[in-house]
Structure formats: C-alpha cells, structure tokens
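**Student:** protein-v5.cif is reproduced below (mmCIF, C-alpha atoms).
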```
data_structure
#
loop_
_atom_site.group_PDB
_atom_site.id
_atom_site.type_symbol
_atom_site.label_atom_id
_atom_site.label_comp_id
_atom_site.auth_asym_id
_atom_site.auth_seq_id
_atom_site.Cartn_x
_atom_site.Cartn_y
_atom_site.Cartn_z
ATOM 1 C CA MET E 45 116.434 96.114 121.574
ATOM 2 C CA SER E 46 117.735 97.073 124.937
ATOM 3 C CA LEU E 47 121.252 96.544 126.192
ATOM 4 C CA ASP E 48 122.747 93.052 126.058
ATOM 5 C CA VAL E 49 123.455 92.733 129.762
ATOM 6 C CA SER E 50 125.724 89.913 130.845
ATOM 7 C CA PRO E 51 124.704 87.757 133.810
ATOM 8 C CA ALA E 52 127.687 89.108 135.766
ATOM 9 C CA LEU E 53 126.681 92.737 135.186
ATOM 10 C CA LEU E 54 123.064 91.973 136.058
ATOM 11 C CA GLU E 55 124.269 90.298 139.263
ATOM 12 C CA GLN E 56 126.268 93.433 140.131
ATOM 13 C CA ALA E 57 123.158 95.561 139.632
ATOM 14 C CA GLU E 58 121.100 93.237 141.809
ATOM 15 C CA ARG E 59 123.704 93.584 144.585
ATOM 16 C CA GLY E 60 123.632 97.361 144.203
ATOM 17 C CA GLU E 61 127.245 97.745 143.069
ATOM 18 C CA VAL E 62 127.765 98.404 139.379
ATOM 19 C CA ASP E 63 131.215 98.910 137.902
ATOM 20 C CA GLU E 64 130.775 101.824 135.498
ATOM 21 C CA ALA E 65 133.547 100.539 133.216
ATOM 22 C CA ALA E 66 131.611 97.286 132.828
ATOM 23 C CA PHE E 67 128.442 99.255 132.101
ATOM 24 C CA VAL E 68 130.258 101.344 129.468
ATOM 25 C CA ASP E 69 131.555 98.146 127.879
ATOM 26 C CA CYS E 70 127.986 96.809 127.817
ATOM 27 C CA VAL E 71 126.900 99.977 125.999
ATOM 28 C CA ARG E 72 129.840 99.654 123.574
ATOM 29 C CA THR E 73 128.930 96.101 122.613
ATOM 30 C CA SER E 74 125.141 96.589 122.663
ATOM 31 C CA LEU E 75 125.007 99.847 120.703
ATOM 32 C CA PRO E 76 127.961 99.665 118.297
ATOM 33 C CA TYR E 77 126.679 102.256 115.822
ATOM 34 C CA ALA E 78 126.078 104.821 118.569
ATOM 35 C CA TRP E 79 129.426 103.980 120.166
ATOM 36 C CA ASP E 80 131.312 104.363 116.892
ATOM 37 C CA MET E 81 129.539 107.644 116.118
ATOM 38 C CA ILE E 82 130.359 109.163 119.492
ATOM 39 C CA SER E 83 133.914 107.768 119.511
ATOM 40 C CA SER E 84 134.645 109.248 116.100
ATOM 41 C CA LEU E 85 133.247 112.634 117.097
ATOM 42 C CA VAL E 86 135.356 112.647 120.258
ATOM 43 C CA ALA E 87 138.446 111.818 118.199
ATOM 44 C CA GLU E 88 137.578 114.576 115.717
ATOM 45 C CA LEU E 89 137.154 117.097 118.534
ATOM 46 C CA ARG E 90 140.481 116.134 120.072
ATOM 47 C CA VAL E 91 142.389 116.178 116.776
ATOM 48 C CA ASP E 92 140.785 119.208 115.134
ATOM 49 C CA GLY E 93 139.978 121.201 118.250
ATOM 50 C CA GLY E 94 137.269 123.787 117.937
ATOM 51 C CA GLU E 95 134.115 124.433 119.870
ATOM 52 C CA PHE E 96 132.462 121.100 119.066
ATOM 53 C CA ALA E 97 132.273 118.203 116.606
ATOM 54 C CA ASP E 98 128.991 116.957 115.183
ATOM 55 C CA ASN E 99 127.503 114.461 112.790
ATOM 56 C CA GLN E 100 125.040 115.571 110.136
ATOM 57 C CA THR E 101 124.742 112.308 108.213
ATOM 58 C CA PRO E 102 121.562 110.324 108.879
ATOM 59 C CA PRO E 103 122.019 106.761 110.143
ATOM 60 C CA PRO E 104 122.073 104.088 107.440
ATOM 61 C CA ASP E 105 118.989 102.283 108.757
ATOM 62 C CA GLU E 106 116.379 102.180 111.504
ATOM 63 C CA GLN E 107 118.486 99.888 113.695
ATOM 64 C CA ALA E 108 121.307 102.433 113.754
ATOM 65 C CA ARG E 109 118.860 105.277 114.367
ATOM 66 C CA GLY E 110 117.388 103.335 117.273
ATOM 67 C CA GLN E 111 120.830 102.873 118.801
ATOM 68 C CA LEU E 112 121.437 106.630 118.778
ATOM 69 C CA LEU E 113 118.046 107.266 120.319
ATOM 70 C CA ARG E 114 118.617 104.694 123.067
ATOM 71 C CA ALA E 115 122.106 105.964 123.857
ATOM 72 C CA LEU E 116 121.158 109.615 124.037
ATOM 73 C CA ALA E 117 117.658 109.355 125.490
ATOM 74 C CA SER E 118 118.795 107.331 128.496
ATOM 75 C CA ASP E 119 120.168 109.523 131.271
ATOM 76 C CA ALA E 120 122.243 106.609 132.611
ATOM 77 C CA ILE E 121 123.789 105.718 129.246
ATOM 78 C CA ARG E 122 124.344 109.299 128.196
ATOM 79 C CA GLY E 123 125.914 110.207 131.535
ATOM 80 C CA ALA E 124 128.205 107.186 131.473
ATOM 81 C CA LEU E 125 129.319 108.030 127.923
ATOM 82 C CA GLU E 126 129.980 111.645 128.879
ATOM 83 C CA ARG E 127 132.091 110.575 131.860
ATOM 84 C CA HIS E 128 133.916 107.899 129.870
ATOM 85 C CA PHE E 129 134.855 110.221 127.009
ATOM 86 C CA GLY E 130 135.191 113.387 129.099
ATOM 87 C CA VAL E 131 132.769 115.395 126.942
ATOM 88 C CA ARG E 132 129.267 116.799 126.968
ATOM 89 C CA LEU E 133 126.837 115.301 124.462
ATOM 90 C CA ALA E 134 124.056 117.101 122.646
ATOM 91 C CA PHE E 135 121.442 115.678 120.308
ATOM 92 C CA GLN E 136 119.111 117.126 117.660
ATOM 93 C CA ASN E 137 116.681 115.346 115.362
ATOM 94 C CA CYS E 138 117.315 111.644 114.934
ATOM 95 C CA HIS E 139 120.985 111.791 114.062
ATOM 96 C CA ARG E 140 122.720 115.077 114.799
ATOM 97 C CA VAL E 141 124.950 114.130 117.681
ATOM 98 C CA ALA E 142 127.467 116.682 118.891
ATOM 99 C CA VAL E 143 130.288 116.470 121.406
ATOM 100 C CA PHE E 144 131.466 119.488 123.341
ATOM 101 C CA PRO E 145 134.527 119.762 125.566
ATOM 102 C CA LEU E 146 133.996 120.031 129.299
ATOM 103 C CA ASP E 147 135.815 123.367 129.242
ATOM 104 C CA PRO E 148 133.505 126.226 130.264
ATOM 105 C CA SER E 149 134.557 128.117 127.133
ATOM 106 C CA ALA E 150 132.187 125.816 125.188
ATOM 107 C CA ASP E 151 129.175 126.688 127.368
ATOM 108 C CA GLU E 152 127.863 129.422 125.079
ATOM 109 C CA ARG E 153 128.161 127.286 121.929
ATOM 110 C CA LEU E 154 126.472 124.344 123.691
ATOM 111 C CA ALA E 155 123.653 126.629 124.815
ATOM 112 C CA ARG E 156 123.157 127.832 121.213
ATOM 113 C CA PHE E 157 123.200 124.243 119.887
ATOM 114 C CA THR E 158 120.627 123.035 122.412
ATOM 115 C CA SER E 159 118.410 126.138 122.267
ATOM 116 C CA VAL E 160 114.910 126.227 120.838
ATOM 117 C CA ARG E 161 116.268 128.442 118.059
ATOM 118 C CA GLY E 162 119.036 125.929 117.311
ATOM 119 C CA GLN E 163 116.498 123.118 117.150
ATOM 120 C CA LEU E 164 114.235 125.037 114.783
ATOM 121 C CA LEU E 165 117.105 126.023 112.484
ATOM 122 C CA ASN E 166 118.166 122.372 112.232
ATOM 123 C CA GLN E 167 114.854 121.224 110.736
ATOM 124 C CA SER E 168 114.360 120.050 107.191
ATOM 125 C CA PRO E 169 111.586 118.220 105.307
ATOM 126 C CA GLU E 170 113.899 115.216 104.733
ATOM 127 C CA LEU E 171 114.103 114.678 108.491
ATOM 128 C CA ARG E 172 110.400 114.987 109.193
ATOM 129 C CA ASP E 173 109.893 111.262 109.843
ATOM 130 C CA CYS E 174 113.153 110.467 111.532
#
```
When written as structure tokens, how does the structure in this file appear?
**Tutor:**
Amino acid sequence: MSLDVSPALLEQAERGEVDEAAFVDCVRTSLPYAWDMISSLVAELRVDGGEFADNQTPPPDEQARGQLLRALASDAIRGALERHFGVRLAFQNCHRVAVFPLDPSADERLARFTSVRGQLLNQSPELRDC
C-alpha cells in the first residue's frame, strides 16, 4: 500500500505546489502505525529527556512493519516527519525506530546508533526475517 492521496493533494502536486502540512496529514492517515510509533517516541523524548528515545518492540503484524518501512525508507516522508516533529529519525532492523533531538549534543549518540557497529550489535536470530 502506498499513501492514500486525496484528489486535492494530488492536484497540488500536479501544479507543483504541495502544502507540507497536507502531506504530513496524508502520511498520518495513510500510515497510522508508523505515525503513532514516531509520535509516541517524540513524546517520550520530550517528557523524559535524554539522548534519544527508541522502540525495541517488533510490530504486531506485517502491515504495521510495512508502514514503518515505507515511512522511514522514503526520503520525502522521513524528511517531512523530521521537520514536523523537530527531530532526527534513525532506523535499524524492521522495527527499531529512534528519535534524536536536533541539538548538536546528540550528534555523537546518533552516529553510534547509525554506525556499522551499532547495526551489527542490534542483530538477533529472532529478527533475521523481519
């Protein structure tokens, strides 16, 4: 499934002028599992503080997993979500989404999370087919 694009939003795109808020709303309604996951992580980061907030619970089904993959594999969607929430997103495996503040103090932790070493250390046999 791709995004559920309204005729009005498609018309905007055809004219060359897309309202990013309308695009973000399209993502919210089209990919509700991914939206809820990212929203809850952003809230956790803002409430608890810290270097980052992440999810380590696999999605409940393949549809939810697909939503995360679509949201985070698309540069346009990912960028719009980062701008909307004011965070940087990182992604490992099929479910480990992390949000980092825009503050440069998080740069080192983000680099560790997204490093080859970080990816290798986050592997497990249970996630082999995700």
**Student:** Taking all listed atoms of region 55-66 of chain E, build the axis-aligned box, pad each of the six sides by 8 Å, then write its centre and edge lengths in Å to one decimal as AutoDock Vina command-line options.
**Tutor:**
```
--center_x 127.3 --center_y 96.1 --center_z 138.7 --size_x 28.4 --size_y 27.5 --size_z 27.8
```
**Student:** Check what the PyMOL selection byres ((chain E and resi 65) around 12) selects in the file above and give those residues as a list in words.
**Tutor:** Leu53, Val62, Asp63, Glu64, Ala66, Phe67, Val68, Asp69, Cys70, Val71, Arg72, Ile121, Ala124, Leu125, Arg127, His128 and Phe129 of chain E
**Student:** Which of these residues is nearest to Val131 (chain E), using all atoms listed in the file: E:Asn99, E:Gln111, E:Ser83, E:Ser118?
**Tutor:**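 Under the stated criterion, the closest residue is E:Ser83.
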**Student:** Running the PyMOL selection byres ((chain E and resi 146) around 8) on this model by hand, what would come out? Give it as a PyMOL selection string.
**Tutor:** chain E and resi 130-132+144-145+147-148+150
**Student:** Go through E:Pro76, E:Gly94, E:Gly60, E:Gly123 one by one, measure the shortest atom-to-atom distance of each to Leu47 (chain E) using only C-alpha atoms, and give the residue with the smallest value.
**Tutor:**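 Looking at the shortest contact to Leu47 (chain E), the residue is E:Pro76.
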**Student:** What does the distance between CA of Arg109 (chain E) and CA of Phe135 (chain E) come to in Å, to one decimal place?
**Tutor:**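 Computing it gives 12.3 Å between the two atoms.
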**Student:** Would you compute the distance between CA of Arg90 (chain E) and CA of Arg114 (chain E)? Give it in Å to one decimal.
**Tutor:**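 Computed distance, CA of Arg90 (chain E) to CA of Arg114 (chain E), equals 24.9 Å.
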**Student:** Between CA of Pro102 (chain E) and CA of His139 (chain E), what is the distance, to one decimal in Å?
**Tutor:**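 Separation of CA of Pro102 (chain E) and CA of His139 (chain E): 5.4 Å.
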**Student:** Give the answer as one residue: which of E:Leu112, E:Ala142, E:Asp119, E:Ser46 has the shortest atom-to-atom distance to Glu95 (chain E), using only C-alpha atoms?
**Tutor:**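 Between E:Leu112, E:Ala142, E:Asp119, E:Ser46, the residue approaching Glu95 (chain E) most closely is E:Ala142.
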**Student:** With only C-alpha atoms as the atoms that count, which of E:Gln56, E:Ser84, E:Gln136, E:Ser149 lies nearest to Leu113 (chain E)?
**Tutor:**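 With only C-alpha atoms as the atom set, the closest residue is E:Gln136.
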**Student:** Identify which of the residues E:Ile82, E:Leu75, E:Ala52, E:Ala87 lies closest to Leu133 (chain E), counting all atoms listed in the file when measuring atom-to-atom distances.
**Tutor:** E:Ile82
**Student:** Pick from E:Ala134, E:Arg59, E:Val143, E:Leu54: nearest to Glu88 (chain E), with all atoms listed in the file counted?
**Tutor:**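 Nearest candidate to Glu88 (chain E) out of E:Ala134, E:Arg59, E:Val143, E:Leu54: E:Val143.
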